file structure34.pdb (PDB, C-alpha atoms)
MODEL        1
ATOM      1  CA  MET T   1       0.000   0.000   0.000
ATOM      2  CA  ARG T   2       1.458   3.314  -1.083
ATOM      3  CA  GLY T   3       0.796   6.792   0.260
ATOM      4  CA  LEU T   4      -0.498   9.543  -2.014
ATOM      5  CA  GLU T   5       1.120  12.928  -2.437
ATOM      6  CA  ALA T   6      -0.565  15.899  -0.802
ATOM      7  CA  ARG T   7      -2.057  17.141  -4.067
ATOM      8  CA  ALA T   8      -3.863  13.799  -4.425
ATOM      9  CA  LEU T   9      -5.955  14.622  -1.344
ATOM     10  CA  ALA T  10      -8.329  16.095  -3.943
ATOM     11  CA  VAL T  11      -9.849  13.614  -6.385
ATOM     12  CA  ALA T  12     -12.137  14.575  -9.259
ATOM     13  CA  GLY T  13     -15.033  12.451 -10.416
ATOM     14  CA  PRO T  14     -17.684  12.519 -13.151
ATOM     15  CA  LEU T  15     -20.178  14.038 -10.721
ATOM     16  CA  TYR T  16     -18.664  14.282  -7.242
ATOM     17  CA  SER T  17     -15.253  15.564  -6.275
ATOM     18  CA  LEU T  18     -13.599  14.273  -3.120
ATOM     19  CA  ARG T  19     -11.396  16.328  -0.840
ATOM     20  CA  VAL T  20      -9.728  15.255   2.390
ATOM     21  CA  LEU T  21     -10.156  18.481   4.359
ATOM     22  CA  ARG T  22      -7.918  17.202   7.118
ATOM     23  CA  ALA T  23      -5.946  13.976   7.268
ATOM     24  CA  GLY T  24      -6.290  12.284  10.642
ATOM     25  CA  TYR T  25      -3.369  11.510  12.915
ATOM     26  CA  SER T  26      -2.463   9.533  16.010
ATOM     27  CA  ARG T  27       0.643  10.458  17.993
ATOM     28  CA  PRO T  28       1.579   8.522  21.111
ATOM     29  CA  ASN T  29       3.284  10.382  23.937
ATOM     30  CA  ALA T  30       6.006   9.141  26.246
ATOM     31  CA  ASP T  31       3.664   9.189  29.230
ATOM     32  CA  GLY T  32       1.314   6.679  27.597
ATOM     33  CA  THR T  33      -1.250   9.211  26.395
ATOM     34  CA  CYS T  34      -2.049   9.684  22.727
ATOM     35  CA  ARG T  35      -3.047  12.777  20.795
ATOM     36  CA  ALA T  36      -5.362  11.937  17.885
ATOM     37  CA  ASP T  37      -8.037  13.218  15.558
ATOM     38  CA  GLY T  38      -9.950  11.599  12.710
ATOM     39  CA  SER T  39      -9.804  12.368   9.000
ATOM     40  CA  VAL T  40     -12.505  14.697   7.652
ATOM     41  CA  THR T  41     -13.563  14.241   4.010
ATOM     42  CA  LEU T  42     -15.881  16.285   1.780
ATOM     43  CA  LEU T  43     -17.711  15.036  -1.318
ATOM     44  CA  TRP T  44     -19.501  17.664  -3.364
ATOM     45  CA  GLY T  45     -20.467  18.704  -6.889
ATOM     46  CA  GLY T  46     -23.572  16.545  -7.351
ATOM     47  CA  PRO T  47     -27.051  16.894  -5.863
ATOM     48  CA  LEU T  48     -25.694  15.798  -2.466
ATOM     49  CA  THR T  49     -23.015  17.438  -0.349
ATOM     50  CA  VAL T  50     -21.586  14.818   1.998
ATOM     51  CA  LEU T  51     -19.199  15.149   4.905
ATOM     52  CA  VAL T  52     -17.605  11.934   6.173
ATOM     53  CA  ASP T  53     -16.612  12.281   9.844
ATOM     54  CA  THR T  54     -16.494  15.642  11.595
ATOM     55  CA  GLY T  55     -13.349  15.369  13.708
ATOM     56  CA  GLY T  56     -13.286  15.934  17.441
ATOM     57  CA  PRO T  57     -14.977  18.892  19.214
ATOM     58  CA  TRP T  58     -11.573  20.583  19.384
ATOM     59  CA  LEU T  59     -11.791  20.964  15.581
ATOM     60  CA  ARG T  60     -15.009  22.976  15.811
ATOM     61  CA  PRO T  61     -13.392  26.455  15.444
ATOM     62  CA  ARG T  62     -11.620  25.347  12.258
ATOM     63  CA  LEU T  63     -14.160  23.114  10.528
ATOM     64  CA  PRO T  64     -16.372  25.873   9.029
ATOM     65  CA  GLY T  65     -13.285  27.467   7.510
ATOM     66  CA  LEU T  66     -12.142  24.158   6.002
ATOM     67  CA  LEU T  67     -15.528  23.831   4.300
ATOM     68  CA  ALA T  68     -15.612  27.475   3.194
ATOM     69  CA  ALA T  69     -12.265  27.055   1.430
ATOM     70  CA  HIS T  70     -14.173  24.915  -1.086
ATOM     71  CA  GLY T  71     -17.244  27.106  -1.335
ATOM     72  CA  VAL T  72     -19.325  25.042   1.095
ATOM     73  CA  ALA T  73     -21.143  26.363   4.164
ATOM     74  CA  ALA T  74     -22.292  24.161   7.018
ATOM     75  CA  GLU T  75     -25.923  24.579   5.961
ATOM     76  CA  ASP T  76     -25.033  23.332   2.460
ATOM     77  CA  VAL T  77     -24.124  19.888   3.783
ATOM     78  CA  THR T  78     -27.010  17.523   2.999
ATOM     79  CA  HIS T  79     -25.571  14.339   4.573
ATOM     80  CA  VAL T  80     -23.096  13.643   7.345
ATOM     81  CA  VAL T  81     -21.715  10.115   7.515
ATOM     82  CA  VAL T  82     -19.938   9.356  10.784
ATOM     83  CA  THR T  83     -18.074   6.085  10.399
ATOM     84  CA  HIS T  84     -18.439   5.284  14.113
ATOM     85  CA  GLY T  85     -19.309   6.976  17.347
ATOM     86  CA  HIS T  86     -15.886   7.808  18.813
ATOM     87  CA  SER T  87     -15.385  11.430  19.822
ATOM     88  CA  ASP T  88     -12.581  12.096  17.329
ATOM     89  CA  HIS T  89     -14.995  11.310  14.482
ATOM     90  CA  ALA T  90     -18.403  12.441  15.764
ATOM     91  CA  GLY T  91     -17.431  15.563  17.708
ATOM     92  CA  ASN T  92     -19.139  18.228  15.574
ATOM     93  CA  LEU T  93     -22.458  16.770  14.533
ATOM     94  CA  ASN T  94     -24.396  19.719  15.952
ATOM     95  CA  LEU T  95     -22.892  21.978  13.276
ATOM     96  CA  PHE T  96     -25.206  20.277  10.739
ATOM     97  CA  PRO T  97     -28.761  20.218  12.150
ATOM     98  CA  ARG T  98     -30.364  20.273   8.682
ATOM     99  CA  ALA T  99     -28.412  17.331   7.317
ATOM    100  CA  THR T 100     -29.394  13.695   7.171
ATOM    101  CA  LEU T 101     -27.163  12.017   9.756
ATOM    102  CA  LEU T 102     -25.734   8.510   9.681
ATOM    103  CA  VAL T 103     -23.755   7.629  12.793
ATOM    104  CA  GLY T 104     -22.632   4.043  12.499
ATOM    105  CA  PHE T 105     -25.917   2.197  11.973
ATOM    106  CA  ASP T 106     -28.158   5.060  13.202
ATOM    107  CA  LEU T 107     -29.806   6.976  10.341
ATOM    108  CA  SER T 108     -31.845  10.056  11.220
ATOM    109  CA  ARG T 109     -33.255  13.219   9.705
ATOM    110  CA  GLY T 110     -34.571  16.447  11.180
ATOM    111  CA  GLU T 111     -35.668  16.403  14.807
ATOM    112  CA  GLY T 112     -34.934  12.791  15.676
ATOM    113  CA  LEU T 113     -36.754  11.016  12.823
ATOM    114  CA  TYR T 114     -34.972   7.659  12.536
ATOM    115  CA  LEU T 115     -35.114   5.901   9.178
ATOM    116  CA  PRO T 116     -35.039   2.179   8.352
ATOM    117  CA  HIS T 117     -32.134   0.603   6.464
ATOM    118  CA  GLY T 118     -30.283  -2.708   6.198
ATOM    119  CA  LEU T 119     -26.728  -1.881   7.229
ATOM    120  CA  ALA T 120     -26.871  -4.076  10.339
ATOM    121  CA  GLN T 121     -27.886  -6.986   8.058
ATOM    122  CA  GLY T 122     -25.014  -6.321   5.656
ATOM    123  CA  VAL T 123     -27.052  -4.394   3.069
ATOM    124  CA  PRO T 124     -25.316  -1.276   1.638
ATOM    125  CA  LEU T 125     -27.029   2.095   1.843
ATOM    126  CA  GLU T 126     -27.096   3.858  -1.526
ATOM    127  CA  LEU T 127     -26.833   7.601  -0.970
ATOM    128  CA  HIS T 128     -26.625   8.244  -4.720
ATOM    129  CA  PRO T 129     -26.797   5.010  -6.759
ATOM    130  CA  GLY T 130     -23.751   4.530  -8.952
ATOM    131  CA  HIS T 131     -21.834   7.290  -7.195
ATOM    132  CA  LEU T 132     -21.970   7.199  -3.374
ATOM    133  CA  ARG T 133     -22.518   4.029  -1.326
ATOM    134  CA  VAL T 134     -22.259   3.385   2.401
ATOM    135  CA  VAL T 135     -21.164  -0.145   3.329
ATOM    136  CA  PRO T 136     -21.060  -1.837   6.735
ATOM    137  CA  THR T 137     -17.473  -2.453   7.872
ATOM    138  CA  PRO T 138     -17.768  -3.794  11.425
ATOM    139  CA  GLY T 139     -14.795  -4.598  13.605
ATOM    140  CA  HIS T 140     -13.234  -1.464  15.028
ATOM    141  CA  THR T 141     -16.703  -0.997  16.454
ATOM    142  CA  ARG T 142     -19.660  -3.266  15.808
ATOM    143  CA  ALA T 143     -21.632  -0.539  14.000
ATOM    144  CA  HIS T 144     -18.811   0.809  11.825
ATOM    145  CA  VAL T 145     -19.437   2.012   8.250
ATOM    146  CA  SER T 146     -17.364   3.260   5.321
ATOM    147  CA  LEU T 147     -18.284   5.299   2.256
ATOM    148  CA  LEU T 148     -17.376   4.281  -1.292
ATOM    149  CA  ALA T 149     -17.054   7.024  -3.908
ATOM    150  CA  LEU T 150     -17.329   5.260  -7.256
ATOM    151  CA  GLY T 151     -15.879   6.173 -10.634
ATOM    152  CA  THR T 152     -13.458   8.908  -9.586
ATOM    153  CA  ALA T 153     -10.338   9.756 -11.569
ATOM    154  CA  LEU T 154      -8.448   7.331  -9.311
ATOM    155  CA  GLY T 155     -11.131   4.642  -9.378
ATOM    156  CA  ALA T 156     -13.211   3.734  -6.341
ATOM    157  CA  VAL T 157     -12.205   5.592  -3.183
ATOM    158  CA  ALA T 158     -13.093   4.155   0.232
ATOM    159  CA  VAL T 159     -13.410   6.643   3.075
ATOM    160  CA  ALA T 160     -12.790   3.979   5.655
ATOM    161  CA  GLY T 161     -12.818   5.578   9.098
ATOM    162  CA  ASP T 162     -10.912   3.371  11.510
ATOM    163  CA  ALA T 163     -11.332   0.170   9.524
ATOM    164  CA  PHE T 164      -7.854   1.332   8.503
ATOM    165  CA  GLU T 165      -5.957   3.436  11.024
ATOM    166  CA  SER T 166      -3.370   4.254   8.357
ATOM    167  CA  GLY T 167      -1.620   2.675   5.403
ATOM    168  CA  GLU T 168       1.029   1.235   7.725
ATOM    169  CA  ASP T 169      -1.130  -0.052  10.543
ATOM    170  CA  GLU T 170      -0.645  -3.806  10.225
ATOM    171  CA  GLY T 171       0.094  -5.214  13.658
ATOM    172  CA  GLN T 172      -1.377  -2.116  15.347
ATOM    173  CA  TRP T 173      -5.078  -1.926  14.491
ATOM    174  CA  GLN T 174      -5.894  -5.175  16.319
ATOM    175  CA  ALA T 175      -5.247  -3.591  19.722
ATOM    176  CA  LEU T 176      -7.927  -0.952  19.008
ATOM    177  CA  SER T 177     -10.495  -3.355  17.544
ATOM    178  CA  GLU T 178     -13.640  -4.565  19.301
ATOM    179  CA  GLU T 179     -13.913  -7.514  16.909
ATOM    180  CA  PRO T 180     -10.579  -8.184  15.126
ATOM    181  CA  ALA T 181     -11.870 -11.105  13.030
ATOM    182  CA  ALA T 182     -14.757  -9.015  11.702
ATOM    183  CA  GLN T 183     -12.446  -6.066  11.083
ATOM    184  CA  ARG T 184     -10.041  -8.252   9.126
ATOM    185  CA  ARG T 185     -12.906  -9.243   6.830
ATOM    186  CA  SER T 186     -13.969  -5.611   6.472
ATOM    187  CA  ARG T 187     -10.435  -4.564   5.587
ATOM    188  CA  ASP T 188     -10.160  -7.294   2.975
ATOM    189  CA  GLU T 189     -13.490  -6.284   1.431
ATOM    190  CA  LEU T 190     -12.500  -2.618   1.243
ATOM    191  CA  ALA T 191      -9.113  -3.444  -0.260
ATOM    192  CA  ALA T 192     -10.870  -5.547  -2.903
ATOM    193  CA  ALA T 193     -13.429  -2.850  -3.710
ATOM    194  CA  ALA T 194     -11.283   0.296  -3.786
ATOM    195  CA  GLU T 195      -8.209   1.652  -5.540
ATOM    196  CA  VAL T 196      -7.643   4.337  -2.896
ATOM    197  CA  ILE T 197      -8.375   4.274   0.838
ATOM    198  CA  VAL T 198      -8.745   7.278   3.125
ATOM    199  CA  PRO T 199      -7.883   5.933   6.606
ATOM    200  CA  GLY T 200      -9.040   7.348   9.893
ATOM    201  CA  HIS T 201      -5.624   8.450  11.141
ATOM    202  CA  GLY T 202      -3.260   8.905   8.223
ATOM    203  CA  GLU T 203      -2.775  10.039   4.647
ATOM    204  CA  PRO T 204      -4.781   8.441   1.811
ATOM    205  CA  PHE T 205      -3.030   5.551   0.107
ATOM    206  CA  ARG T 206      -3.334   3.441  -3.007
ATOM    207  CA  VAL T 207      -4.212  -0.230  -2.775
ATOM    208  CA  VAL T 208      -1.546  -2.510  -4.256
ATOM    209  CA  ARG T 209      -3.005  -5.929  -4.970
ATOM    210  CA  GLU T 210      -0.896  -9.090  -4.926
ATOM    211  CA  TRP T 211      -2.226 -11.715  -7.313
ATOM    212  CA  GLY T 212      -2.018 -15.118  -5.632
ATOM    213  CA  THR T 213       0.533 -16.690  -3.338
ATOM    214  CA  PRO T 214       4.165 -17.273  -4.390
ATOM    215  CA  ASP T 215       3.399 -21.004  -4.788
ATOM    216  CA  GLU T 216       0.442 -20.233  -7.062
ATOM    217  CA  GLU T 217       2.508 -17.785  -9.120
ATOM    218  CA  GLU T 218       5.314 -20.359  -9.463
ATOM    219  CA  GLU T 219       2.778 -22.995 -10.549
ATOM    220  CA  GLU T 220       1.338 -20.580 -13.135
ATOM    221  CA  GLU T 221       4.839 -19.905 -14.484
ATOM    222  CA  GLU T 222       5.521 -23.651 -14.732
ATOM    223  CA  GLU T 223       2.215 -24.184 -16.514
ATOM    224  CA  GLY T 224       3.041 -21.340 -18.844
ATOM    225  CA  GLY T 225       6.459 -22.889 -19.493
ATOM    226  CA  ARG T 226       4.908 -26.257 -20.261
ATOM    227  CA  TRP T 227       2.466 -24.640 -22.649
ATOM    228  CA  ARG T 228       5.206 -22.717 -24.370
ATOM    229  CA  GLY T 229       7.371 -25.861 -24.583
ATOM    230  CA  GLY T 230       4.541 -27.835 -26.128
ATOM    231  CA  ASP T 231       3.918 -25.019 -28.546
ATOM    232  CA  CYS T 232       7.556 -25.027 -29.611
ATOM    233  CA  GLU T 233       7.510 -28.793 -30.141
ATOM    234  CA  GLU T 234       4.383 -28.430 -32.233
ATOM    235  CA  GLU T 235       6.000 -25.702 -34.309
ATOM    236  CA  GLU T 236       9.132 -27.802 -34.824
ATOM    237  CA  GLU T 237       7.059 -30.790 -35.911
ATOM    238  CA  LYS T 238       5.059 -28.593 -38.263
ATOM    239  CA  LYS T 239       8.256 -27.108 -39.691
ATOM    240  CA  LYS T 240       9.776 -30.566 -40.152
ATOM    241  CA  LYS T 241       6.657 -31.760 -41.949
ATOM    242  CA  GLU T 242       6.729 -28.725 -44.240
ATOM    243  CA  GLU T 243      10.388 -29.392 -45.052
ATOM    244  CA  GLU T 244       9.602 -33.018 -45.866
ATOM    245  CA  GLU T 245       6.769 -31.922 -48.137
ATOM    246  CA  ASP T 246       9.051 -29.418 -49.877
ATOM    247  CA  GLU T 247      11.678 -32.111 -50.358
ATOM    248  CA  LYS T 248       9.068 -34.477 -51.740
ATOM    249  CA  LYS T 249       7.872 -31.819 -54.157
ATOM    250  CA  LYS T 250      11.450 -31.229 -55.270
ATOM    251  CA  GLU T 251      11.940 -34.945 -55.887
ATOM    252  CA  GLU T 252       8.666 -35.156 -57.755
ATOM    253  CA  GLY T 253       9.576 -32.077 -59.703
ATOM    254  CA  GLY T 254      12.987 -33.599 -60.543
ATOM    255  CA  SER T 255      11.391 -36.800 -61.796
ATOM    256  CA  GLN T 256       9.097 -34.826 -64.008
ATOM    257  CA  ARG T 257      11.992 -32.876 -65.412
ATOM    258  CA  CYS T 258      13.948 -36.086 -65.999
ATOM    259  CA  GLY T 259      10.932 -37.626 -67.659
ATOM    260  CA  GLY T 260      10.697 -34.603 -69.895
ATOM    261  CA  GLU T 261      14.309 -35.011 -70.945
ATOM    262  CA  GLU T 262      13.732 -38.684 -71.692
ATOM    263  CA  GLU T 263      10.747 -37.739 -73.804
ATOM    264  CA  GLU T 264      12.824 -35.136 -75.629
ATOM    265  CA  GLU T 265      15.545 -37.688 -76.250
ATOM    266  CA  LYS T 266      12.929 -40.130 -77.508
ATOM    267  CA  LYS T 267      11.512 -37.434 -79.748
ATOM    268  CA  ASP T 268      15.004 -36.719 -81.088
ATOM    269  CA  GLU T 269      15.514 -40.413 -81.796
ATOM    270  CA  ASP T 270      12.221 -40.537 -83.642
ATOM    271  CA  VAL T 271      13.144 -37.490 -85.672
ATOM    272  CA  THR T 272      16.570 -38.951 -86.474
ATOM    273  CA  SER T 273      15.004 -42.231 -87.427
ATOM    274  CA  ARG T 274      12.511 -40.507 -89.621
ATOM    275  CA  HIS T 275      15.238 -38.384 -91.108
ATOM    276  CA  GLY T 276      17.312 -41.489 -91.915
ATOM    277  CA  ASP T 277      14.346 -43.096 -93.570
ATOM    278  CA  ASN T 278      13.862 -40.013 -95.659
ATOM    279  CA  GLU T 279      17.486 -40.061 -96.698
ATOM    280  CA  GLU T 280      17.122 -43.671 -97.736
ATOM    281  CA  GLU T 281      14.028 -42.877 -99.672
ATOM    282  CA  ASP T 282      15.772 -39.925-101.294
ATOM    283  CA  GLY T 283      18.671 -42.154-102.241
ATOM    284  CA  VAL T 284      16.395 -44.571-104.031
ATOM    285  CA  THR T 285      14.740 -41.715-105.840
ATOM    286  CA  SER T 286      18.066 -40.137-106.736
ATOM    287  CA  GLY T 287      19.366 -43.411-107.950
ATOM    288  CA  GLN T 288      16.390 -43.799-110.078
ATOM    289  CA  GLY T 289      16.982 -40.326-111.515
ATOM    290  CA  GLN T 290      20.666 -40.981-112.003
ATOM    291  CA  ARG T 291      20.034 -44.035-113.862
ATOM    292  CA  PRO T 292      18.183 -42.239-116.566
ATOM    293  CA  GLY T 293      20.780 -39.433-116.596
ATOM    294  CA  GLY T 294      23.609 -41.896-116.569
ATOM    295  CA  GLY T 295      21.945 -43.488-119.539
ATOM    296  CA  ARG T 296      22.250 -40.236-121.383
TER
ENDMDL
END
call {"tool": "encode", "arguments": {"input": "structure34.pdb", "output": "structure tokens"}}
result
Amino acid sequence: MRGLEARALAVAGPLYSLRVLRAGYSRPNADGTCRADGSVTLLWGGPLTVLVDTGGPWLRPRLPGLLAAHGVAAEDVTHVVVTHGHSDHAGNLNLFPRATLLVGFDLSRGEGLYLPHGLAQGVPLELHPGHLRVVPTPGHTRAHVSLLALGTALGAVAVAGDAFESGEDEGQWQALSEEPAAQRRSRDELAAAAEVIVPGHGEPFRVVREWGTPDEEEEEEEEGGRWRGGDCEEEEEKKKKEEEEDEKKKEEGGSQRCGGEEEEEKKDEDVTSRHGDNEEEDGVTSGQGQRPGGGR
């Protein structure tokens, strides 16, 4: 998994653009405490304006300005997706009272109107079909969700909350997980579905897929070698057969030419024979003529 450069924090799409307003972080201190905040991501340009995670309450003075830098006011946000209920992700929900709110598996609108959905049963929530999809990604918390932005210039982008702490979190995320086995499955599903992942506490990164195990790759190479070897043998056999056919044609052609010469020689003999016969006939005729002349 490779990190993206800072300029890649903005990703264009056919309808929605994606911007990581603030990349999350997690910095342990020597005394055992940890200073952290979650990533905050904006998707806008289409009929919906979506904010994924709001950061902690300590971000409140800065969050309106981060939105305004992209021409968005808090009242313009139509949907807020909070990947899970920890304070560093859900700390500023009250800045968006007009928005439809999804906090983990809780979906509400207006003054506490809760809406049905199937996330807890594994059914994705389509915010904008073909463009924006919320998927359940349990593990870090039981009711954890992630948002998939489809068809961007970089492919599918997963705003993953703490399903991924960062692009280099292997061996670390398990200690923060409520259900590590479930989170492992969620991570695998996100890595299979997305080309880019925005983690909860780090810079966005590209997904680098490894096709098969080393043993499987070696077996494929051996199979490829066997196929290529068989192909070469087939080509050699075909070439040998063609050479034999050419040689046969040459021999047949030679016999025909020899036969032609024999026929020519036979024709010459016939002509000579006929010519000799003519001479003999001429001699008889001449003799007959001479005899009268000689008589004179």
call {"tool": "residues_around", "arguments": {"input": "structure34.pdb", "residues": "Leu66 of chain T", "least_positions_apart": "4", "cutoff": "8 Å", "atoms": "only C-alpha atoms", "output": "PyMOL selection string"}}
result
chain T and resi 21+62+70
call {"tool": "resolve_selection", "arguments": {"input": "structure34.pdb", "expression": "the PyMOL selection byres ((chain T and resi 91) around 9)", "output": "CSV table (one decimal) with C-alpha atoms, in the coordinates of the input"}}
result
chain,number,residue,atom,x,y,z
T,53,ASP,CA,-16.6,12.3,9.8
T,54,THR,CA,-16.5,15.6,11.6
T,55,GLY,CA,-13.3,15.4,13.7
T,56,GLY,CA,-13.3,15.9,17.4
T,57,PRO,CA,-15.0,18.9,19.2
T,58,TRP,CA,-11.6,20.6,19.4
T,59,LEU,CA,-11.8,21.0,15.6
T,60,ARG,CA,-15.0,23.0,15.8
T,85,GLY,CA,-19.3,7.0,17.3
T,86,HIS,CA,-15.9,7.8,18.8
T,87,SER,CA,-15.4,11.4,19.8
T,88,ASP,CA,-12.6,12.1,17.3
T,89,HIS,CA,-15.0,11.3,14.5
T,90,ALA,CA,-18.4,12.4,15.8
T,92,ASN,CA,-19.1,18.2,15.6
T,93,LEU,CA,-22.5,16.8,14.5
T,94,ASN,CA,-24.4,19.7,16.0
call {"tool": "residues_near_point", "arguments": {"input": "structure34.pdb", "point": "(-22.5, 4.5, 11.8)", "cutoff": "7 Å", "atoms": "only C-alpha atoms", "output": "mmCIF file with C-alpha atoms, keeping the file's coordinate frame"}}
result
data_model
loop_
_atom_site.group_PDB
_atom_site.id
_atom_site.type_symbol
_atom_site.label_atom_id
_atom_site.label_comp_id
_atom_site.auth_asym_id
_atom_site.auth_seq_id
_atom_site.Cartn_x
_atom_site.Cartn_y
_atom_site.Cartn_z
ATOM 1 C CA VAL T 82 -19.938 9.356 10.784
ATOM 2 C CA THR T 83 -18.074 6.085 10.399
ATOM 3 C CA HIS T 84 -18.439 5.284 14.113
ATOM 4 C CA GLY T 85 -19.309 6.976 17.347
ATOM 5 C CA LEU T 102 -25.734 8.510 9.681
ATOM 6 C CA VAL T 103 -23.755 7.629 12.793
ATOM 7 C CA GLY T 104 -22.632 4.043 12.499
ATOM 8 C CA PHE T 105 -25.917 2.197 11.973
ATOM 9 C CA ASP T 106 -28.158 5.060 13.202
ATOM 10 C CA ALA T 143 -21.632 -0.539 14.000
ATOM 11 C CA HIS T 144 -18.811 0.809 11.825
ATOM 12 C CA VAL T 145 -19.437 2.012 8.250
#
call {"tool": "closest_atom_pairs", "arguments": {"input": "structure34.pdb", "of": "segment 153-173 of chain T", "to": "segment 43-47 of chain T", "cutoff": "12 Å", "atoms": "all atoms listed in the file", "output": "Markdown table"}}
result
| residue | atom | partner | partner_atom | distance |
| --- | --- | --- | --- | --- |
| T:Val157 | CA | T:Leu43 | CA | 11.1 |
| T:Ala158 | CA | T:Leu43 | CA | 11.9 |
| T:Val159 | CA | T:Leu43 | CA | 10.4 |
call {"tool": "residues_near_point", "arguments": {"input": "structure34.pdb", "point": "(-12.7, -1.0, 3.7)", "cutoff": "7 Å", "atoms": "only C-alpha atoms", "output": "list in words"}}
result
Thr137, Ser146, Ala158, Ala160, Ala163, Ser186, Arg187, Asp188, Glu189, Leu190 and Ala191 of chain T
call {"tool": "resolve_selection", "arguments": {"input": "structure34.pdb", "expression": "the PyMOL selection byres ((chain T and resi 165-181) around 8)", "output": "NGL selection string"}}
result
:T and (1-3 or 138-142 or 161-164 or 182-185 or 199-205)
call {"tool": "resolve_selection", "arguments": {"input": "structure34.pdb", "expression": "the PyMOL selection byres ((chain T and resi 110) around 8)", "output": "PyMOL selection string"}}
result
chain T and resi 97-100+108-109+111-113
call {"tool": "atom_distance", "arguments": {"input": "structure34.pdb", "atom1": "atom CA of Ala149 of chain T", "atom2": "atom CA of Ala74 of chain T"}}
result
21.0 Å
call {"tool": "closest_residue", "arguments": {"input": "structure34.pdb", "among": "T:Ala23, T:Leu63, T:Val81, T:Ala193", "to": "Leu147 of chain T", "atoms": "only C-alpha atoms"}}
result
T:Val81
call {"tool": "closest_residue", "arguments": {"input": "structure34.pdb", "among": "T:Pro129, T:Leu95, T:Val20, T:Ile197", "to": "Gly155 of chain T", "atoms": "all atoms listed in the file"}}
result
T:Ile197
call {"tool": "atom_distance", "arguments": {"input": "structure34.pdb", "atom1": "atom CA of Val198 of chain T", "atom2": "atom CA of His131 of chain T"}}
result
16.7 Å
call {"tool": "atom_distance", "arguments": {"input": "structure34.pdb", "atom1": "atom CA of Gly151 of chain T", "atom2": "atom CA of Ala69 of chain T"}}
result
24.4 Å
